[in-house]
file final-v3.pdb (PDB, C-alpha atoms)
ATOM      1  CA  MET A 124      88.962  74.752  91.191
ATOM      2  CA  ASP A 125      89.654  74.932  87.480
ATOM      3  CA  ILE A 126      92.822  76.700  86.471
ATOM      4  CA  LEU A 127      92.953  77.840  82.873
ATOM      5  CA  PRO A 128      96.193  78.361  81.004
ATOM      6  CA  MET A 129      97.108  82.054  80.872
ATOM      7  CA  GLN A 130      96.699  82.230  77.070
ATOM      8  CA  GLN A 131      93.191  80.776  77.181
ATOM      9  CA  MET A 132      92.146  83.193  79.920
ATOM     10  CA  LYS A 133      93.369  86.178  77.875
ATOM     11  CA  GLU A 134      91.330  85.013  74.884
ATOM     12  CA  ASN A 135      88.253  84.792  77.099
ATOM     13  CA  THR A 136      88.666  88.244  78.619
ATOM     14  CA  VAL A 137      86.490  91.243  77.818
ATOM     15  CA  PHE A 138      88.160  94.563  78.646
ATOM     16  CA  VAL A 139      85.523  97.186  79.414
ATOM     17  CA  GLY A 140      86.129 100.790  78.387
ATOM     18  CA  ASN A 141      83.948 103.672  77.190
ATOM     19  CA  LYS A 142      81.757 101.943  74.581
ATOM     20  CA  PRO A 143      78.057 101.280  75.233
ATOM     21  CA  VAL A 144      77.370  98.445  77.689
ATOM     22  CA  MET A 145      75.585  96.304  75.096
ATOM     23  CA  ASN A 146      78.810  96.072  73.048
ATOM     24  CA  TYR A 147      80.482  94.335  75.987
ATOM     25  CA  VAL A 148      77.425  92.173  76.726
ATOM     26  CA  LEU A 149      77.529  90.963  73.112
ATOM     27  CA  ALA A 150      81.236  90.165  73.483
ATOM     28  CA  VAL A 151      80.584  88.102  76.639
ATOM     29  CA  VAL A 152      77.646  86.214  75.090
ATOM     30  CA  THR A 153      79.701  85.543  71.949
ATOM     31  CA  GLN A 154      82.541  84.071  74.027
ATOM     32  CA  PHE A 155      80.160  81.621  75.712
ATOM     33  CA  ASN A 156      78.450  80.772  72.403
ATOM     34  CA  ASN A 157      81.889  79.957  70.947
ATOM     35  CA  GLY A 158      82.459  77.350  73.640
ATOM     36  CA  ALA A 159      84.228  79.248  76.411
ATOM     37  CA  GLY A 160      83.732  77.729  79.864
ATOM     38  CA  GLU A 161      84.748  80.935  81.636
ATOM     39  CA  VAL A 162      84.811  84.589  80.631
ATOM     40  CA  ALA A 163      86.540  87.354  82.596
ATOM     41  CA  ILE A 164      85.230  90.907  82.477
ATOM     42  CA  LYS A 165      87.925  93.438  83.431
ATOM     43  CA  ALA A 166      87.759  97.193  83.982
ATOM     44  CA  ARG A 167      89.584 100.037  85.702
ATOM     45  CA  GLY A 168      88.515 103.344  87.168
ATOM     46  CA  LYS A 169      85.301 104.882  85.876
ATOM     47  CA  ALA A 170      84.581 101.842  83.681
ATOM     48  CA  ILE A 171      84.015  99.621  86.740
ATOM     49  CA  SER A 172      80.290 100.409  86.887
ATOM     50  CA  ARG A 173      80.011  99.571  83.177
ATOM     51  CA  ALA A 174      81.698  96.199  83.845
ATOM     52  CA  VAL A 175      79.209  95.423  86.629
ATOM     53  CA  ASP A 176      76.329  96.380  84.325
ATOM     54  CA  THR A 177      77.797  94.134  81.612
ATOM     55  CA  ALA A 178      77.926  91.132  83.932
ATOM     56  CA  GLU A 179      74.431  91.672  85.332
ATOM     57  CA  ILE A 180      72.781  92.210  81.936
ATOM     58  CA  ALA A 181      74.544  89.186  80.439
ATOM     59  CA  LEU A 182      73.553  86.962  83.382
ATOM     60  CA  ASN A 183      69.971  88.157  83.795
ATOM     61  CA  ARG A 184      68.906  88.543  80.158
ATOM     62  CA  PHE A 185      71.067  86.414  77.878
ATOM     63  CA  LEU A 186      72.892  83.564  79.620
ATOM     64  CA  ASP A 187      71.231  80.518  81.184
ATOM     65  CA  GLY A 188      73.283  78.250  83.407
ATOM     66  CA  VAL A 189      76.081  80.809  83.873
ATOM     67  CA  ILE A 190      77.106  82.010  87.336
ATOM     68  CA  LYS A 191      79.443  84.574  88.858
ATOM     69  CA  LYS A 192      82.424  82.455  89.851
ATOM     70  CA  ASP A 193      84.540  85.203  91.386
ATOM     71  CA  ILE A 194      84.868  88.966  91.754
ATOM     72  CA  ILE A 195      88.366  90.312  92.281
ATOM     73  CA  THR A 196      89.049  93.929  93.195
ATOM     74  CA  SER A 197      92.456  95.542  93.347
ATOM     75  CA  THR A 198      94.356  98.791  93.079
ATOM     76  CA  GLU A 199      96.871  99.353  90.317
ATOM     77  CA  VAL A 200      99.587 102.000  90.350
ATOM     78  CA  ILE A 201      99.647 103.906  87.069
ATOM     79  CA  ASP A 202     102.390 106.260  85.864
ATOM     80  CA  THR A 203     100.935 109.525  84.542
ATOM     81  CA  ASP A 204     102.352 112.844  83.370
ATOM     82  CA  THR A 205     101.975 114.235  86.884
ATOM     83  CA  GLY A 206     103.465 111.223  88.666
ATOM     84  CA  ARG A 207     102.056 107.979  89.976
ATOM     85  CA  THR A 208      98.401 107.487  90.819
ATOM     86  CA  ASN A 209      96.273 104.651  92.171
ATOM     87  CA  VAL A 210      93.462 103.289  90.020
ATOM     88  CA  SER A 211      90.871 100.787  91.219
ATOM     89  CA  SER A 212      90.234  97.717  89.077
ATOM     90  CA  ILE A 213      87.767  94.842  88.999
ATOM     91  CA  GLU A 214      87.664  91.422  87.398
ATOM     92  CA  ILE A 215      84.356  89.558  87.254
ATOM     93  CA  ILE A 216      84.676  85.901  86.271
ATOM     94  CA  LEU A 217      81.604  84.214  84.832
ATOM     95  CA  LYS A 218      81.456  80.426  84.576
ATOM     96  CA  LYS A 219      79.193  78.021  82.699
TER      97      LYS A 219
END

call {"tool": "encode", "arguments": {"input": "final-v3.pdb", "output": "structure tokens"}}
result
Amino acid sequence: MDILPMQQMKENTVFVGNKPVMNYVLAVVTQFNNGAGEVAIKARGKAISRAVDTAEIALNRFLDGVIKKDIITSTEVIDTDTGRTNVSSIEIILKK
């Protein structure tokens, strides 16, 4: 198992939010084209489905020889104005 230094992993991480999916797909493809061996796609809450779409589109349409190395799901506790709430999160790691 390859363990990347924390700094390198942060540079090769795409955080998915509310932009169109193709923006994130382009970011993932660009990371691999710039020599990254692994790229992590991270999202929380409602953006999780967009992160899954990003990974699938990148793998099926744009990236040859890249696989899903790992999928990590978790729950994060977030402080809000009304108190603390649980938010689901996902991290999809793609590897060349």

call {"tool": "residues_around", "arguments": {"input": "final-v3.pdb", "residues": "Val148 of chain A", "least_positions_apart": "5", "cutoff": "9 Å", "atoms": "all atoms listed in the file", "output": "PDB file with C-alpha atoms, keeping the file's coordinate frame"}}
result
ATOM      1  CA  THR A 153      79.701  85.543  71.949  1.00  0.00           C
ATOM      2  CA  ASP A 176      76.329  96.380  84.325  1.00  0.00           C
ATOM      3  CA  THR A 177      77.797  94.134  81.612  1.00  0.00           C
ATOM      4  CA  ALA A 178      77.926  91.132  83.932  1.00  0.00           C
ATOM      5  CA  ILE A 180      72.781  92.210  81.936  1.00  0.00           C
ATOM      6  CA  ALA A 181      74.544  89.186  80.439  1.00  0.00           C
ATOM      7  CA  PHE A 185      71.067  86.414  77.878  1.00  0.00           C
TER       8      PHE A 185
END

call {"tool": "closest_residue", "arguments": {"input": "final-v3.pdb", "among": "A:Val144, A:Ala163, A:Val137, A:Ala150", "to": "Ile190 of chain A", "atoms": "all atoms listed in the file"}}
result
A:Ala163

call {"tool": "residues_around", "arguments": {"input": "final-v3.pdb", "residues": "Val189 of chain A", "least_positions_apart": "2", "cutoff": "12 Å", "atoms": "all atoms listed in the file", "output": "PyMOL selection string"}}
result
chain A and resi 151-152+155-156+159-162+178-179+181-187+191-192+216-219

call {"tool": "atom_distance", "arguments": {"input": "final-v3.pdb", "atom1": "atom CA of Lys169 of chain A", "atom2": "atom CA of Val200 of chain A"}}
result
15.2 Å

call {"tool": "atom_distance", "arguments": {"input": "final-v3.pdb", "atom1": "atom CA of Ala170 of chain A", "atom2": "atom CA of Tyr147 of chain A"}}
result
11.5 Å

call {"tool": "atom_distance", "arguments": {"input": "final-v3.pdb", "atom1": "atom CA of Ile194 of chain A", "atom2": "atom CA of Val210 of chain A"}}
result
16.8 Å

call {"tool": "residues_near_point", "arguments": {"input": "final-v3.pdb", "point": "(87.3, 95.5, 92.6)", "cutoff": "12 Å", "atoms": "only C-alpha atoms", "output": "PyMOL selection string"}}
result
chain A and resi 164-172+174-175+193-199+210-216

call {"tool": "decode", "arguments": {"input": "final-v3.pdb", "residues": "segment 155-172 of chain A", "atoms": "N, CA, C and O atoms", "output": "compact mmCIF listing (two decimals), in the first residue's frame"}}
result
# COMPACT_ATOMS: atom_id res chain seq x y z
N PHE A 155 -4.20 14.19 -12.94
CA PHE A 155 -3.52 13.02 -13.50
C PHE A 155 -2.59 13.43 -14.65
O PHE A 155 -1.49 12.90 -14.77
N ASN A 156 -3.02 14.36 -15.49
CA ASN A 156 -2.18 14.81 -16.60
C ASN A 156 -0.93 15.54 -16.12
O ASN A 156 0.08 15.58 -16.82
N ASN A 157 -0.97 16.10 -14.92
CA ASN A 157 0.18 16.78 -14.33
C ASN A 157 1.09 15.82 -13.56
O ASN A 157 1.99 16.26 -12.86
N GLY A 158 0.82 14.53 -13.64
CA GLY A 158 1.71 13.55 -13.06
C GLY A 158 1.30 12.96 -11.73
O GLY A 158 2.06 12.20 -11.13
N ALA A 159 0.11 13.27 -11.25
CA ALA A 159 -0.33 12.71 -9.97
C ALA A 159 -0.56 11.20 -10.13
O ALA A 159 -1.10 10.75 -11.14
N GLY A 160 -0.14 10.44 -9.13
CA GLY A 160 -0.38 9.00 -9.13
C GLY A 160 -1.71 8.65 -8.52
O GLY A 160 -2.31 7.63 -8.85
N GLU A 161 -2.17 9.50 -7.60
CA GLU A 161 -3.47 9.33 -6.95
C GLU A 161 -4.17 10.67 -6.85
O GLU A 161 -3.51 11.70 -6.67
N VAL A 162 -5.48 10.64 -6.94
CA VAL A 162 -6.30 11.84 -6.75
C VAL A 162 -7.46 11.46 -5.85
O VAL A 162 -8.12 10.44 -6.07
N ALA A 163 -7.70 12.26 -4.83
CA ALA A 163 -8.83 12.05 -3.92
C ALA A 163 -9.94 13.02 -4.28
O ALA A 163 -9.70 14.21 -4.51
N ILE A 164 -11.15 12.51 -4.34
CA ILE A 164 -12.34 13.33 -4.57
C ILE A 164 -13.12 13.32 -3.26
O ILE A 164 -13.50 12.25 -2.78
N LYS A 165 -13.33 14.51 -2.67
CA LYS A 165 -13.99 14.59 -1.37
C LYS A 165 -15.26 15.43 -1.47
O LYS A 165 -15.29 16.44 -2.18
N ALA A 166 -16.29 15.02 -0.72
CA ALA A 166 -17.53 15.79 -0.67
C ALA A 166 -18.27 15.49 0.62
O ALA A 166 -18.05 14.46 1.26
N ARG A 167 -19.16 16.43 0.97
CA ARG A 167 -20.02 16.26 2.15
C ARG A 167 -21.46 16.54 1.76
O ARG A 167 -21.74 17.32 0.86
N GLY A 168 -22.36 15.91 2.49
CA GLY A 168 -23.78 16.20 2.37
C GLY A 168 -24.35 16.00 0.98
O GLY A 168 -24.13 14.97 0.34
N LYS A 169 -25.06 17.01 0.50
CA LYS A 169 -25.75 16.91 -0.79
C LYS A 169 -24.79 16.82 -1.97
O LYS A 169 -25.20 16.41 -3.06
N ALA A 170 -23.53 17.16 -1.78
CA ALA A 170 -22.55 17.10 -2.88
C ALA A 170 -22.01 15.69 -3.10
O ALA A 170 -21.25 15.46 -4.05
N ILE A 171 -22.39 14.74 -2.25
CA ILE A 171 -21.87 13.38 -2.38
C ILE A 171 -22.23 12.78 -3.74
O ILE A 171 -21.39 12.16 -4.40
N SER A 172 -23.46 12.95 -4.19
CA SER A 172 -23.84 12.39 -5.49
C SER A 172 -23.05 13.02 -6.62
O SER A 172 -22.70 12.36 -7.60
